[in-house]
>>> print(open('target.txt').read())   # compact mmCIF, C-alpha atoms and all ligand atoms
# COMPACT_ATOMS: atom_id res chain seq x y z
CA MET A 153 123.26 82.81 93.23
CA LYS A 154 122.97 79.08 92.55
CA CYS A 155 120.05 76.71 93.00
CA THR A 156 120.36 74.99 96.38
CA ARG A 157 119.20 71.75 94.85
CA CYS A 158 120.75 71.36 91.38
CA LYS A 159 123.40 74.16 91.39
CA ILE A 160 122.39 75.83 88.10
CA PRO A 161 121.69 79.61 88.30
CA ALA A 162 118.75 80.30 90.64
CA VAL A 163 115.80 82.53 89.71
CA VAL A 164 114.36 83.02 93.19
CA ALA A 165 115.92 83.47 96.64
CA LEU A 166 113.98 82.41 99.75
CA PRO A 167 115.71 83.70 102.88
CA SER A 168 112.92 82.20 105.05
CA HIS A 169 114.04 78.75 103.91
CA ASN A 170 117.70 79.67 103.61
CA ALA A 171 117.52 78.52 99.97
CA ALA A 172 117.46 79.63 96.34
CA PHE A 173 115.93 77.73 93.43
CA CYS A 174 115.88 77.47 89.66
CA LYS A 175 112.44 77.31 88.04
CA ASP A 176 112.01 73.51 88.10
CA CYS A 177 113.37 73.11 91.63
CA TYR A 178 111.14 75.97 92.85
CA LEU A 179 108.05 74.25 91.43
CA LEU A 180 109.11 71.04 93.13
CA PHE A 181 109.75 72.91 96.40
CA ALA A 182 106.28 74.52 96.30
CA GLN A 183 104.66 71.19 95.49
CA ARG A 184 106.42 69.56 98.45
CA LEU A 185 105.13 72.28 100.80
CA VAL A 186 101.59 71.59 99.64
CA GLU A 187 102.04 67.81 99.87
CA ARG A 188 103.47 68.22 103.38
CA ALA A 189 100.54 70.40 104.50
CA ILE A 190 98.03 67.89 103.11
CA LYS A 191 99.77 64.90 104.68
CA GLU A 192 100.57 66.26 108.11
CA HIS A 193 97.03 67.59 108.61
CA GLN A 194 95.24 64.73 106.80
CA MET A 195 93.46 67.26 104.61
CA CYS A 196 92.27 65.04 101.78
CA ASP A 197 93.09 62.01 99.67
CA HIS A 198 92.56 60.96 96.08
CA ALA A 199 89.12 59.51 96.84
CA ASP A 200 87.78 62.93 97.92
CA ARG A 201 85.68 65.13 95.66
CA ILE A 202 87.19 68.54 96.32
CA LEU A 203 85.44 71.85 95.69
CA VAL A 204 87.96 74.68 95.28
CA ALA A 205 86.83 78.23 96.02
CA ILE A 206 88.06 80.02 92.90
CA SER A 207 88.15 83.82 93.00
CA GLY A 208 90.40 84.35 89.96
CA GLY A 209 93.25 85.71 92.12
CA LYS A 210 96.70 84.17 92.48
CA ASP A 211 96.02 82.09 95.59
CA SER A 212 92.95 80.24 94.36
CA LEU A 213 94.48 79.63 90.92
CA ALA A 214 97.81 78.44 92.36
CA LEU A 215 95.89 76.10 94.66
CA SER A 216 93.74 74.70 91.84
CA TRP A 217 96.77 74.22 89.61
CA GLN A 218 98.72 72.47 92.36
CA LEU A 219 95.87 70.13 93.36
CA LYS A 220 95.20 69.30 89.72
CA THR A 221 98.92 68.62 89.13
CA LEU A 222 98.90 66.29 92.13
CA GLY A 223 96.03 64.33 90.58
CA TYR A 224 93.23 65.27 92.98
CA ASP A 225 89.60 65.23 91.86
CA ILE A 226 88.77 68.94 91.88
CA SER A 227 85.98 71.21 90.65
CA GLY A 228 85.84 74.97 91.08
CA LEU A 229 83.13 77.22 92.42
CA HIS A 230 83.27 80.89 91.55
CA ILE A 231 80.92 83.30 93.26
CA ASP A 232 80.21 86.31 91.09
CA LEU A 233 79.60 88.90 93.79
CA GLY A 234 78.15 91.56 91.49
CA ILE A 235 80.73 94.18 92.46
CA PRO A 236 81.20 96.78 89.72
CA GLU A 237 84.73 96.90 88.26
CA SER A 238 86.18 93.87 90.04
CA SER A 239 83.65 91.01 89.64
CA PRO A 240 83.61 90.80 85.82
CA ILE A 241 87.43 90.63 85.74
CA ALA A 242 87.58 88.02 88.52
CA ARG A 243 85.05 85.87 86.72
CA GLN A 244 86.84 86.17 83.39
CA TYR A 245 90.17 84.97 84.87
CA SER A 246 88.45 82.10 86.71
CA GLU A 247 86.68 80.89 83.56
CA ARG A 248 89.76 81.23 81.37
CA PHE A 249 91.95 79.34 83.86
CA CYS A 250 89.48 76.46 84.32
CA ASP A 251 89.01 76.20 80.58
CA LYS A 252 92.76 75.96 80.02
CA TYR A 253 93.35 73.33 82.71
CA GLU A 254 90.10 71.42 82.10
CA ILE A 255 88.75 71.96 85.59
CA PRO A 256 84.92 71.88 85.84
CA LEU A 257 83.80 75.32 87.04
CA HIS A 258 80.46 76.20 88.63
CA VAL A 259 79.45 79.84 88.84
CA LEU A 260 76.90 81.31 91.24
CA GLN A 261 75.80 84.77 90.29
CA MET A 262 74.70 86.82 93.28
CA THR A 263 72.74 89.26 91.10
CA ASP A 264 70.40 86.38 90.15
CA LEU A 265 69.79 85.70 93.86
CA HIS A 266 69.16 89.39 94.66
CA LEU A 267 72.32 89.40 96.74
CA SER A 268 74.73 91.42 94.60
CA MET A 269 77.17 93.23 96.88
CA LYS A 270 76.40 96.46 95.04
CA GLU A 271 72.79 96.28 96.26
CA VAL A 272 73.64 94.75 99.65
CA LYS A 273 75.99 97.67 100.35
CA LYS A 274 73.16 100.16 99.79
CA ARG A 275 70.76 98.38 102.14
CA VAL A 276 72.82 96.92 104.97
CA LYS A 277 74.46 98.92 107.75
CA ARG A 278 77.08 96.29 108.74
CA PRO A 279 80.57 96.54 107.17
CA ILE A 280 80.25 95.16 103.65
CA CYS A 281 83.28 92.84 103.96
CA SER A 282 81.71 91.04 106.88
CA VAL A 283 78.45 90.49 104.94
CA CYS A 284 80.36 89.49 101.81
CA GLY A 285 82.45 86.96 103.79
CA GLN A 286 79.31 85.50 105.34
CA VAL A 287 77.62 85.16 101.92
CA LYS A 288 80.69 83.47 100.41
CA ARG A 289 81.07 80.99 103.31
CA TYR A 290 77.36 80.17 103.12
CA PHE A 291 77.33 79.42 99.37
CA PHE A 292 80.62 77.49 99.32
CA ASN A 293 79.40 75.27 102.11
CA LYS A 294 75.85 74.90 100.80
CA PHE A 295 77.04 74.06 97.30
CA ALA A 296 79.52 71.48 98.62
CA VAL A 297 76.99 69.77 100.90
CA GLU A 298 74.22 69.73 98.27
CA ASN A 299 76.50 68.41 95.55
CA GLN A 300 78.28 65.69 97.55
CA PHE A 301 81.72 67.31 97.72
CA SER A 302 83.58 65.92 100.71
CA VAL A 303 86.00 68.84 101.06
CA VAL A 304 86.09 72.61 100.36
CA ALA A 305 89.60 73.93 99.66
CA THR A 306 90.51 77.61 99.91
CA GLY A 307 93.69 79.42 98.88
CA HIS A 308 94.60 81.01 102.23
CA ASN A 309 98.37 81.44 102.39
CA LEU A 310 100.81 81.84 105.27
CA ASP A 311 100.44 85.65 105.31
CA ASP A 312 96.64 85.37 105.52
CA GLU A 313 96.86 82.88 108.34
CA THR A 314 99.55 84.60 110.41
CA SER A 315 98.00 88.07 110.09
CA ARG A 316 94.65 86.65 111.20
CA LEU A 317 96.34 84.86 114.07
CA LEU A 318 98.20 87.98 115.21
CA ALA A 319 95.08 90.16 114.91
CA ASN A 320 93.09 87.73 117.04
CA VAL A 321 95.88 87.36 119.59
CA MET A 322 95.98 91.16 119.92
CA ARG A 323 92.26 91.07 120.73
CA TRP A 324 92.48 87.76 122.67
CA ASP A 325 89.46 86.70 120.68
CA MET A 326 88.97 83.21 122.13
CA ASP A 327 86.30 82.04 119.65
CA TYR A 328 88.33 82.99 116.59
CA LEU A 329 91.53 81.54 118.03
CA HIS A 330 89.77 78.27 118.62
CA ASP A 331 88.59 78.16 115.00
CA LEU A 332 91.96 79.07 113.44
CA GLY A 333 93.87 76.37 111.64
CA PRO A 334 94.42 74.77 108.24
CA VAL A 335 91.60 72.22 108.66
CA MET A 336 88.03 72.54 109.89
CA PRO A 337 86.53 69.06 110.19
CA ALA A 338 83.09 68.35 108.72
CA LYS A 339 80.29 68.64 111.26
CA LYS A 340 76.59 69.32 111.63
CA GLY A 341 75.84 70.25 108.02
CA PHE A 342 79.23 71.87 107.39
CA ALA A 343 81.66 70.43 104.83
CA LYS A 344 85.29 69.83 105.80
CA LYS A 345 87.42 72.88 104.96
CA ILE A 346 91.13 72.82 104.15
CA LYS A 347 93.87 75.36 103.38
CA PRO A 348 96.63 73.43 101.56
CA LEU A 349 98.67 76.61 100.78
CA PHE A 350 99.16 77.58 104.41
CA ARG A 351 102.90 76.81 104.29
CA LEU A 352 103.47 79.15 101.32
CA SER A 353 103.80 82.90 101.81
CA GLU A 354 102.08 85.38 99.52
CA PHE A 355 105.40 85.95 97.75
CA GLU A 356 105.90 82.22 97.30
CA THR A 357 102.36 81.78 95.92
CA ALA A 358 102.87 84.68 93.48
CA ASN A 359 106.15 83.08 92.42
CA LEU A 360 104.43 79.77 91.88
CA CYS A 361 101.95 81.45 89.54
CA PHE A 362 104.71 83.29 87.71
CA LEU A 363 106.94 80.25 87.22
CA ALA A 364 104.06 77.89 86.37
CA GLY A 365 102.74 80.41 83.82
CA ILE A 366 99.40 80.91 85.58
CA ASP A 367 97.62 84.04 84.42
CA TYR A 368 95.81 85.50 87.39
CA GLY A 369 93.63 88.56 87.68
CA TYR A 370 93.99 91.46 89.99
CA ALA A 371 91.26 94.06 90.12
CA PRO A 372 91.12 95.60 93.59
CA CYS A 373 87.66 95.47 95.10
CA PRO A 374 86.30 99.03 95.31
CA TYR A 375 84.78 98.18 98.70
CA SER A 376 88.05 96.94 100.17
CA SER A 377 87.94 98.33 103.68
CA LYS A 378 90.52 99.43 106.19
CA ALA A 379 90.47 95.94 107.66
CA SER A 380 93.07 95.32 110.33
CA PHE A 381 94.64 92.29 108.61
CA PRO A 382 96.81 94.28 106.13
CA VAL A 383 98.32 96.19 109.06
CA TYR A 384 99.32 92.91 110.72
CA LYS A 385 100.50 91.47 107.40
CA ASN A 386 102.89 94.38 106.99
CA LEU A 387 104.14 94.11 110.58
CA LEU A 388 104.86 90.43 110.05
CA LEU A 389 106.60 91.12 106.73
CA ASP A 390 108.91 93.58 108.51
CA LEU A 391 109.57 91.01 111.21
CA GLU A 392 110.26 88.33 108.59
CA ASP A 393 112.85 90.64 106.98
CA ILE A 394 114.76 90.81 110.25
CA GLN A 395 114.14 87.22 111.32
CA PRO A 396 113.60 84.99 108.25
CA GLY A 397 111.32 82.03 109.03
CA ARG A 398 109.53 83.83 111.88
CA LYS A 399 106.03 83.59 110.29
CA ILE A 400 105.97 79.84 109.80
CA HIS A 401 107.43 79.28 113.30
CA PHE A 402 104.75 81.53 114.78
CA TYR A 403 101.99 79.61 113.01
CA ASP A 404 103.43 76.13 113.53
CA GLY A 405 103.98 76.92 117.22
CA PHE A 406 100.36 78.03 117.54
CA LEU A 407 99.12 74.81 115.93
CA LYS A 408 101.37 72.58 118.02
CA ARG A 409 101.30 74.32 121.39
CA GLY A 410 99.03 77.39 121.47
CA ARG A 411 95.76 76.31 119.94
CA LYS A 412 94.87 73.69 122.52
CA GLY A 413 94.59 76.47 125.09
CA PHE A 414 91.63 77.89 123.19
CA MET A 415 89.56 74.73 122.76
CA PRO A 416 86.05 75.23 124.12
CA MET A 417 85.24 73.21 127.23
CA ASP A 418 82.24 71.64 125.55
CA ASP A 419 81.73 71.80 121.80
CA GLU A 420 78.12 70.74 122.21
CA ASP A 421 77.36 73.98 124.09
CA ILE A 422 76.22 75.64 120.89
CA THR A 423 73.03 74.02 119.68
CA VAL A 424 72.79 74.06 115.91
CA HIS A 425 69.48 73.59 114.03
CA PRO A 426 68.66 73.66 110.34
CA CYS A 427 67.52 77.15 109.23
CA VAL A 428 63.72 77.20 109.00
CA GLU A 429 63.93 78.54 105.45
CA CYS A 430 66.94 76.98 103.75
CA GLY A 431 68.08 74.17 106.05
CA TYR A 432 71.56 75.66 106.60
CA PRO A 433 72.93 74.98 110.10
CA THR A 434 72.37 77.93 112.40
CA SER A 435 72.13 78.66 116.11
CA THR A 436 69.03 80.83 115.56
CA GLY A 437 65.78 79.97 113.75
CA GLN A 438 66.70 81.73 110.53
CA CYS A 439 70.28 81.76 109.21
CA GLY A 440 72.19 84.99 108.53
CA VAL A 441 71.85 84.76 104.74
CA CYS A 442 68.08 84.17 104.88
CA ARG A 443 67.81 87.19 107.20
CA LEU A 444 69.85 89.18 104.68
CA ARG A 445 67.54 88.01 101.90
CA SER A 446 64.47 89.22 103.80
CA THR A 447 66.15 92.61 104.24
CA MET A 448 66.82 92.73 100.49
CA SER A 449 63.30 91.81 99.34
S1 LIG A 501 87.05 93.46 99.79
FE1 LIG A 501 85.25 93.02 101.03
S2 LIG A 501 83.49 93.40 99.68
FE2 LIG A 501 85.31 93.24 98.38
S3 LIG A 501 85.34 91.08 97.76
FE3 LIG A 501 86.63 91.25 99.60
S4 LIG A 501 85.25 90.78 101.29
FE4 LIG A 501 83.96 91.22 99.51
ZN ZN A 502 117.51 73.63 90.54
ZN ZN A 503 68.70 80.04 105.80
>>> encode(input="target.txt", output="structure tokens", more="lines below")
Ligand code: SF4
Ligand SMILES: [Zn+2]
Ligand SMILES: [Zn+2]
Amino acid sequence: MKCTRCKIPAVVALPSHNAAFCKDCYLLFAQRLVERAIKEHQMCDHADRILVAISGGKDSLALSWQLKTLGYDISGLHIDLGIPESSPIARQYSERFCDKYEIPLHVLQMTDLHLSMKEVKKRVKRPICSVCGQVKRYFFNKFAVENQFSVVATGHNLDDETSRLLANVMRWDMDYLHDLGPVMPAKKGFAKKIKPLFRLSEFETANLCFLAGIDYGYAPCPYSSKASFPVYKNLLLDLEDIQPGRKIHFYDGFLKRGRKGFMPMDDEDITVHPCVECGYPTSTGQCGVCRLRSTMS
């Protein structure tokens, strides 16, 4: 197997792209996919101050590495969720990576805010992943807005995006389908959010880490639930095996032709006010995280 680009022996085959690459050409290929995503969706430019959500896993580290390599002005935010077994490892990998690549890293420790997921899980009846996701979104946005970051970047890859899309199509969840996409523009107290890795599959992101020498951590979260996304991820992987390229066509087709069918008639329908306690935009008087905090105190 030879590299499609330079014809020396290839180290990775990508049936979805009908190509194979040597190490250097693979890194160039991955970089081009990220550059293309950024350009075609006007995600950010070199004047932006970008806050990267860094979990310590392969996606967030590959994203940080790639944005740094492309010369963007990035800082990381790691949220230490206070989950026994997995959080200390995730934090260690995040700190080590940012140290090595000289990326400023901010850490918010949920234990200090009485919001450690260990305690939240004991007190709250809702599924822990839904509360955890809400807490993470809240702090990434709040930190970005309060510290003048113009953009929040997350490491969602093609498998994350297509499995979420398929799950929401199966439920015909109109609100979620409307919100799906690689860019969420800034509005009403929310920072702009971007997903520059959306053209890379999970396999391609893992390969990027491997070939770029990025040391990423993997400690499965003990609270990881039976969420529906992994089921859809596996279905799409099987489909991709039979029809290489199917995932990116599914997602691109949704962005180009499907998504407009789910746009709300009037975006102003939902009235957003600052939370009475913390100022975070919310459609009720008190935002979800302040309500959670009152439950915890
Ligand atoms: S698996 Fe659930 S609880 Fe664990 S980190 Fe992810 S969202 Fe949070
Ligand atoms: Zn090559
Ligand atoms: Zn609040």
>>> residues_around(input="target.txt", residues="Phe406 of chain A", least_positions_apart="5", cutoff="10 Å", atoms="only C-alpha atoms", output="count of residues only")
10
>>> residues_near_point(input="target.txt", point="(73.9, 86.5, 89.6)", cutoff="12 Å", atoms="all atoms listed in the file", output="PyMOL selection string")
chain A and resi 230-235+239-240+243+259-271
>>> residues_near_ligand(input="target.txt", ligand="ligand ZN 502 (chain A)", cutoff="12 Å", atoms="all atoms listed in the file", output="list in words")
Met153, Lys154, Cys155, Thr156, Arg157, Cys158, Lys159, Ile160, Pro161, Ala162, Val163, Val164, Ala165, Ala171, Ala172, Phe173, Cys174, Lys175, Asp176, Cys177, Tyr178, Leu179, Leu180 and Phe181 of chain A
>>> residues_around(input="target.txt", residues="Pro337 of chain A", least_positions_apart="6", cutoff="10 Å", atoms="all atoms listed in the file", output="compact mmCIF listing (two decimals) with C-alpha atoms, in the coordinates of the input")
# COMPACT_ATOMS: atom_id res chain seq x y z
CA MET A 195 93.46 67.26 104.61
CA VAL A 303 86.00 68.84 101.06
CA ALA A 343 81.66 70.43 104.83
CA LYS A 344 85.29 69.83 105.80
CA LYS A 345 87.42 72.88 104.96
CA ILE A 346 91.13 72.82 104.15
>>> closest_atom_pairs(input="target.txt", of="chain A", to="ligand LIG 501 (chain A)", cutoff="6 Å", atoms="only C-alpha atoms and all ligand atoms", output="tab-separated table")
residue	atom	partner	partner_atom	distance
A:Ile280	CA	A:LIG501	S2	5.4
A:Cys281	CA	A:LIG501	FE1	3.5
A:Cys284	CA	A:LIG501	FE4	4.6
A:Gly285	CA	A:LIG501	S4	5.4
A:Cys373	CA	A:LIG501	FE2	4.6
A:Tyr375	CA	A:LIG501	FE2	5.0
A:Ser376	CA	A:LIG501	S1	3.6
>>> residues_near_ligand(input="target.txt", ligand="ligand ZN 503 (chain A)", cutoff="12 Å", atoms="all atoms listed in the file", output="mmCIF file with C-alpha atoms, keeping the file's coordinate frame")
data_model
loop_
_atom_site.group_PDB
_atom_site.id
_atom_site.type_symbol
_atom_site.label_atom_id
_atom_site.label_comp_id
_atom_site.auth_asym_id
_atom_site.auth_seq_id
_atom_site.Cartn_x
_atom_site.Cartn_y
_atom_site.Cartn_z
ATOM 1 C CA GLN A 286 79.310 85.500 105.340
ATOM 2 C CA VAL A 287 77.620 85.160 101.920
ATOM 3 C CA TYR A 290 77.360 80.170 103.120
ATOM 4 C CA PHE A 291 77.330 79.420 99.370
ATOM 5 C CA LYS A 294 75.850 74.900 100.800
ATOM 6 C CA HIS A 425 69.480 73.590 114.030
ATOM 7 C CA PRO A 426 68.660 73.660 110.340
ATOM 8 C CA CYS A 427 67.520 77.150 109.230
ATOM 9 C CA VAL A 428 63.720 77.200 109.000
ATOM 10 C CA GLU A 429 63.930 78.540 105.450
ATOM 11 C CA CYS A 430 66.940 76.980 103.750
ATOM 12 C CA GLY A 431 68.080 74.170 106.050
ATOM 13 C CA TYR A 432 71.560 75.660 106.600
ATOM 14 C CA PRO A 433 72.930 74.980 110.100
ATOM 15 C CA THR A 434 72.370 77.930 112.400
ATOM 16 C CA SER A 435 72.130 78.660 116.110
ATOM 17 C CA THR A 436 69.030 80.830 115.560
ATOM 18 C CA GLY A 437 65.780 79.970 113.750
ATOM 19 C CA GLN A 438 66.700 81.730 110.530
ATOM 20 C CA CYS A 439 70.280 81.760 109.210
ATOM 21 C CA GLY A 440 72.190 84.990 108.530
ATOM 22 C CA VAL A 441 71.850 84.760 104.740
ATOM 23 C CA CYS A 442 68.080 84.170 104.880
ATOM 24 C CA ARG A 443 67.810 87.190 107.200
ATOM 25 C CA LEU A 444 69.850 89.180 104.680
ATOM 26 C CA ARG A 445 67.540 88.010 101.900
ATOM 27 C CA SER A 446 64.470 89.220 103.800
#
>>> closest_residue(input="target.txt", among="A:Phe292, A:Phe414, A:Phe249, A:Tyr224", to="Tyr328 of chain A", atoms="only C-alpha atoms")
A:Phe414
>>> atom_distance(input="target.txt", atom1="atom CA of Gly341 of chain A", atom2="atom CA of Gln300 of chain A")
11.7 Å
>>> atom_distance(input="target.txt", atom1="atom CA of Arg323 of chain A", atom2="atom CA of Lys408 of chain A")
20.8 Å
>>> atom_distance(input="target.txt", atom1="atom CA of Gly410 of chain A", atom2="atom CA of Met336 of chain A")
16.7 Å
>>> closest_residue(input="target.txt", among="A:Ala242, A:Leu257, A:Cys196, A:Leu310", to="Lys385 of chain A", atoms="only C-alpha atoms")
A:Leu310
>>> residues_around(input="target.txt", residues="Gly209 of chain A", least_positions_apart="3", cutoff="6 Å", atoms="all atoms listed in the file", output="short mmCIF file (atom, residue, chain, number, x, y, z; two decimals) with C-alpha atoms, in the frame of the given file")
data_model
loop_
_atom_site.label_atom_id
_atom_site.label_comp_id
_atom_site.auth_asym_id
_atom_site.auth_seq_id
_atom_site.Cartn_x
_atom_site.Cartn_y
_atom_site.Cartn_z
CA SER A 212 92.95 80.24 94.36
CA TYR A 368 95.81 85.50 87.39
CA GLY A 369 93.63 88.56 87.68
#
